[in-house]
>>> print(open('query_35.txt').read())   # compact mmCIF, C-alpha atoms and all ligand atoms
# COMPACT_ATOMS: atom_id res chain seq x y z
CA MET A 252 -1.05 -3.15 -23.06
CA GLU A 253 2.10 -4.92 -21.92
CA ILE A 254 4.13 -3.02 -19.34
CA PRO A 255 7.67 -4.29 -18.73
CA ILE A 256 7.94 -5.77 -15.22
CA GLN A 257 10.99 -3.59 -14.56
CA ASP A 258 8.80 -0.51 -15.13
CA LEU A 259 6.23 -1.86 -12.65
CA MET A 260 8.99 -2.37 -10.08
CA ILE A 261 10.21 1.19 -10.60
CA SER A 262 6.62 2.43 -10.23
CA MET A 263 6.28 0.56 -6.90
CA ILE A 264 9.51 2.10 -5.58
CA SER A 265 8.48 5.58 -6.79
CA ALA A 266 5.03 5.27 -5.21
CA PHE A 267 6.51 4.16 -1.89
CA ASN A 268 9.04 7.00 -1.92
CA LYS A 269 6.35 9.54 -2.82
CA TYR A 270 3.94 8.59 -0.03
CA ALA A 271 6.65 7.86 2.57
CA SER A 272 8.03 11.37 2.30
CA GLY A 273 5.02 13.04 3.96
CA ASP A 274 6.78 13.27 7.31
CA GLY A 275 10.48 13.41 8.26
CA ASP A 276 11.00 9.68 7.73
CA ASN A 277 11.30 8.82 4.02
CA ASN A 278 11.94 5.12 4.67
CA THR A 279 8.58 4.24 6.16
CA LEU A 280 4.87 4.97 5.84
CA ASN A 281 3.11 6.02 9.02
CA LYS A 282 -0.61 5.32 9.30
CA LYS A 283 -1.60 8.69 7.83
CA GLU A 284 0.72 8.16 4.85
CA LEU A 285 -0.63 4.65 4.26
CA VAL A 286 -4.22 5.95 4.38
CA ASN A 287 -3.30 8.76 1.97
CA MET A 288 -1.68 6.27 -0.41
CA ALA A 289 -4.62 3.87 -0.23
CA CYS A 290 -7.25 6.58 -0.85
CA LYS A 291 -5.38 8.07 -3.82
CA GLU A 292 -4.25 4.83 -5.46
CA PHE A 293 -7.43 2.84 -4.77
CA PRO A 294 -10.28 5.36 -5.28
CA SER A 295 -12.95 2.63 -4.97
CA LEU A 296 -12.06 2.47 -1.25
CA GLU A 297 -14.15 5.61 -0.75
CA LYS A 298 -17.24 3.46 -1.24
CA HIS A 299 -16.15 0.90 1.36
CA PRO A 300 -18.80 0.95 4.13
CA GLN A 301 -16.16 0.53 6.86
CA LYS A 302 -13.26 2.33 5.20
CA ASP A 303 -11.60 3.57 8.42
CA LYS A 304 -11.78 0.19 10.16
CA PHE A 305 -10.63 -1.55 7.00
CA LEU A 306 -7.58 0.73 6.67
CA ASN A 307 -6.78 0.36 10.38
CA ASP A 308 -6.88 -3.42 10.01
CA ILE A 309 -4.71 -3.27 6.88
CA PHE A 310 -2.15 -1.14 8.73
CA LYS A 311 -2.03 -3.57 11.68
CA ILE A 312 -1.71 -6.63 9.46
CA THR A 313 0.92 -5.01 7.21
CA ASP A 314 3.06 -3.79 10.13
CA ARG A 315 4.56 -7.22 10.70
CA ASP A 316 7.33 -6.11 13.08
CA GLY A 317 4.89 -3.98 15.12
CA ASP A 318 6.92 -0.75 15.07
CA ASN A 319 3.85 1.25 13.98
CA LYS A 320 5.42 2.06 10.59
CA ILE A 321 5.36 0.34 7.21
CA ASN A 322 8.83 -0.19 5.76
CA PHE A 323 9.44 -1.00 2.10
CA GLU A 324 9.54 -4.76 2.70
CA GLU A 325 6.19 -4.64 4.52
CA PHE A 326 4.75 -2.42 1.77
CA MET A 327 5.84 -4.89 -0.93
CA THR A 328 4.37 -7.80 1.04
CA LEU A 329 1.04 -5.91 1.10
CA MET A 330 1.25 -5.18 -2.65
CA THR A 331 2.05 -8.85 -3.37
CA CYS A 332 -0.88 -10.09 -1.26
CA MET A 333 -3.24 -7.59 -2.91
CA THR A 334 -2.05 -8.58 -6.40
CA ILE A 335 -2.59 -12.28 -5.63
CA ALA A 336 -6.06 -11.50 -4.23
CA LEU A 337 -6.91 -9.44 -7.31
CA ARG A 338 -5.91 -12.30 -9.60
CA LYS A 339 -7.90 -14.81 -7.51
CA SER A 340 -10.97 -12.57 -7.66
CA GLY A 341 -11.07 -13.14 -11.40
CA THR A 342 -11.79 -9.48 -12.19
CA ILE A 343 -8.63 -9.26 -14.32
CA CA B 1 7.17 8.62 6.30
CA CA B 2 6.78 -2.12 10.56
>>> encode(input="query_35.txt", output="structure tokens")
Amino acid sequence: MEIPIQDLMISMISAFNKYASGDGDNNTLNKKELVNMACKEFPSLEKHPQKDKFLNDIFKITDRDGDNKINFEEFMTLMTCMTIALRKSGTI
């Protein structure tokens, strides 16, 4: 099924807004919000043998400016890297 790219972009923005709004700051994901997003959107993570360490590492790598929050630009960089990795893996 073809999904227009514009719809995918809107979905990314909606997902970020949804998960970022867990605390008082709607413009960033804190670690808990990122973990919540990852577990809900990527259910296969539950089977990861080192899920907590993996998610901690992802948070550290994604937080490029080191302010302990993930802004939308950092979130999109993560999504881009994951999409490239998924394509490289050959599973799609
Ligand atoms: Ca937030
Ligand atoms: Ca940051």
>>> residues_near_ligand(input="query_35.txt", ligand="ligand CA 1 (chain B)", cutoff="6 Å", atoms="only C-alpha atoms and all ligand atoms", output="ChimeraX atom specification")
/A:271-274,276-277,279-281
>>> write_last_selection(input="query_35.txt", atoms="C-alpha atoms", output="compact mmCIF listing (two decimals), keeping the file's coordinate frame")
# COMPACT_ATOMS: atom_id res chain seq x y z
CA ALA A 271 6.65 7.86 2.57
CA SER A 272 8.03 11.37 2.30
CA GLY A 273 5.02 13.04 3.96
CA ASP A 274 6.78 13.27 7.31
CA ASP A 276 11.00 9.68 7.73
CA ASN A 277 11.30 8.82 4.02
CA THR A 279 8.58 4.24 6.16
CA LEU A 280 4.87 4.97 5.84
CA ASN A 281 3.11 6.02 9.02
>>> residues_near_ligand(input="query_35.txt", ligand="ligand CA 2 (chain B)", cutoff="10 Å", atoms="only C-alpha atoms and all ligand atoms", output="CSV table (one decimal) with C-alpha atoms, in the frame of the given file")
chain,number,residue,atom,x,y,z
A,279,THR,CA,8.6,4.2,6.2
A,280,LEU,CA,4.9,5.0,5.8
A,281,ASN,CA,3.1,6.0,9.0
A,310,PHE,CA,-2.2,-1.1,8.7
A,311,LYS,CA,-2.0,-3.6,11.7
A,312,ILE,CA,-1.7,-6.6,9.5
A,313,THR,CA,0.9,-5.0,7.2
A,314,ASP,CA,3.1,-3.8,10.1
A,315,ARG,CA,4.6,-7.2,10.7
A,316,ASP,CA,7.3,-6.1,13.1
A,317,GLY,CA,4.9,-4.0,15.1
A,318,ASP,CA,6.9,-0.8,15.1
A,319,ASN,CA,3.8,1.2,14.0
A,320,LYS,CA,5.4,2.1,10.6
A,321,ILE,CA,5.4,0.3,7.2
A,322,ASN,CA,8.8,-0.2,5.8
A,323,PHE,CA,9.4,-1.0,2.1
A,324,GLU,CA,9.5,-4.8,2.7
A,325,GLU,CA,6.2,-4.6,4.5
A,326,PHE,CA,4.8,-2.4,1.8
>>> atom_distance(input="query_35.txt", atom1="CA of Met263 (chain A)", atom2="CA of Cys332 (chain A)")
14.0 Å
>>> residues_around(input="query_35.txt", residues="region 303-307 of chain A", least_positions_apart="4", cutoff="12 Å", atoms="all atoms listed in the file", output="MDAnalysis selection string")
chainID A and resid 281:290 293 296:299 311:314 319
>>> atom_distance(input="query_35.txt", atom1="CA of Tyr270 (chain A)", atom2="CA of Lys291 (chain A)")
10.1 Å
>>> axis_aligned_box(input="query_35.txt", around="region 258-277 of chain A", padding_each_side="5 Å", output="AutoDock Vina command-line options")
--center_x 7.6 --center_y 5.5 --center_z -3.4 --size_x 17.4 --size_y 25.8 --size_z 33.4
>>> atom_distance(input="query_35.txt", atom1="CA of Ser295 (chain A)", atom2="CA of Gly275 (chain A)")
29.0 Å
>>> closest_residue(input="query_35.txt", among="A:Ile309, A:Ser265, A:Asn278, A:Glu292", to="Thr328 (chain A)", atoms="all atoms listed in the file")
A:Ile309
>>> decode(input="query_35.txt", residues="chain A", atoms="C-alpha atoms", output="short mmCIF file (atom, residue, chain, number, x, y, z; two decimals), in the first residue's frame")
data_model
loop_
_atom_site.label_atom_id
_atom_site.label_comp_id
_atom_site.auth_asym_id
_atom_site.auth_seq_id
_atom_site.Cartn_x
_atom_site.Cartn_y
_atom_site.Cartn_z
CA MET A 252 0.00 0.00 0.00
CA GLU A 253 1.37 3.39 -1.00
CA ILE A 254 1.15 6.05 1.69
CA PRO A 255 1.74 9.63 0.56
CA ILE A 256 4.98 10.96 2.06
CA GLN A 257 3.12 14.02 3.34
CA ASP A 258 0.91 11.69 5.42
CA LEU A 259 4.02 10.00 6.85
CA MET A 260 5.44 13.40 7.79
CA ILE A 261 2.19 14.34 9.52
CA SER A 262 2.25 10.99 11.35
CA MET A 263 5.80 11.69 12.58
CA ILE A 264 4.80 15.13 13.88
CA SER A 265 1.65 13.71 15.52
CA ALA A 266 3.60 10.89 17.17
CA PHE A 267 6.20 13.30 18.53
CA ASN A 268 3.52 15.65 19.87
CA LYS A 269 1.62 12.75 21.45
CA TYR A 270 4.59 11.30 23.33
CA ALA A 271 6.20 14.67 24.17
CA SER A 272 3.10 15.84 26.01
CA GLY A 273 3.53 13.41 28.93
CA ASP A 274 5.08 16.07 31.13
CA GLY A 275 4.80 19.88 31.15
CA ASP A 276 7.15 20.31 28.18
CA ASN A 277 5.41 19.52 24.88
CA ASN A 278 8.45 20.41 22.77
CA THR A 279 10.76 17.66 23.96
CA LEU A 280 10.79 14.00 24.98
CA ASN A 281 12.36 13.23 28.33
CA LYS A 282 13.85 9.78 28.84
CA LYS A 283 10.61 8.33 30.21
CA GLU A 284 8.66 9.68 27.24
CA LEU A 285 11.20 8.28 24.76
CA VAL A 286 11.06 4.86 26.46
CA ASN A 287 7.25 4.97 26.39
CA MET A 288 7.27 5.87 22.69
CA ALA A 289 9.81 3.17 21.84
CA CYS A 290 7.94 0.42 23.72
CA LYS A 291 4.57 1.30 22.19
CA GLU A 292 5.73 1.96 18.63
CA PHE A 293 8.33 -0.84 18.46
CA PRO A 294 6.73 -3.76 20.36
CA SER A 295 9.52 -6.15 19.33
CA LEU A 296 11.79 -4.21 21.72
CA GLU A 297 10.19 -6.13 24.59
CA LYS A 298 12.15 -9.17 23.46
CA HIS A 299 15.47 -7.31 23.41
CA PRO A 300 17.73 -9.03 25.99
CA GLN A 301 19.19 -5.69 27.14
CA LYS A 302 16.19 -3.45 26.53
CA ASP A 303 16.93 -0.95 29.32
CA LYS A 304 20.60 -0.53 28.38
CA PHE A 305 19.68 -0.32 24.71
CA LEU A 306 17.12 2.44 25.35
CA ASN A 307 19.55 4.32 27.61
CA ASP A 308 22.18 4.19 24.87
CA ILE A 309 19.64 5.34 22.25
CA PHE A 310 18.67 8.28 24.47
CA LYS A 311 22.31 9.33 24.97
CA ILE A 312 23.15 9.04 21.27
CA THR A 313 19.97 10.85 20.18
CA ASP A 314 20.43 13.73 22.65
CA ARG A 315 23.04 15.40 20.48
CA ASP A 316 23.12 18.73 22.36
CA GLY A 317 23.32 16.95 25.74
CA ASP A 318 20.43 18.81 27.42
CA ASN A 319 18.90 15.51 28.60
CA LYS A 320 15.83 15.99 26.36
CA ILE A 321 15.02 14.98 22.80
CA ASN A 322 13.77 17.87 20.68
CA PHE A 323 11.96 17.40 17.39
CA GLU A 324 15.13 17.75 15.31
CA GLU A 325 16.89 15.09 17.40
CA PHE A 326 13.80 12.85 17.17
CA MET A 327 13.73 13.15 13.38
CA THR A 328 17.46 12.39 13.17
CA LEU A 329 16.78 9.19 15.16
CA MET A 330 13.84 8.26 12.89
CA THR A 331 15.97 8.89 9.78
CA CYS A 332 18.84 6.75 11.09
CA MET A 333 16.43 3.95 12.04
CA THR A 334 14.73 4.08 8.62
CA ILE A 335 18.10 3.88 6.85
CA ALA A 336 19.13 0.95 9.09
CA LEU A 337 15.83 -0.81 8.40
CA ARG A 338 16.32 -0.46 4.65
CA LYS A 339 19.94 -1.70 4.91
CA SER A 340 18.81 -4.72 6.93
CA GLY A 341 16.92 -5.91 3.88
CA THR A 342 13.83 -6.91 5.87
CA ILE A 343 11.66 -4.53 3.83
#
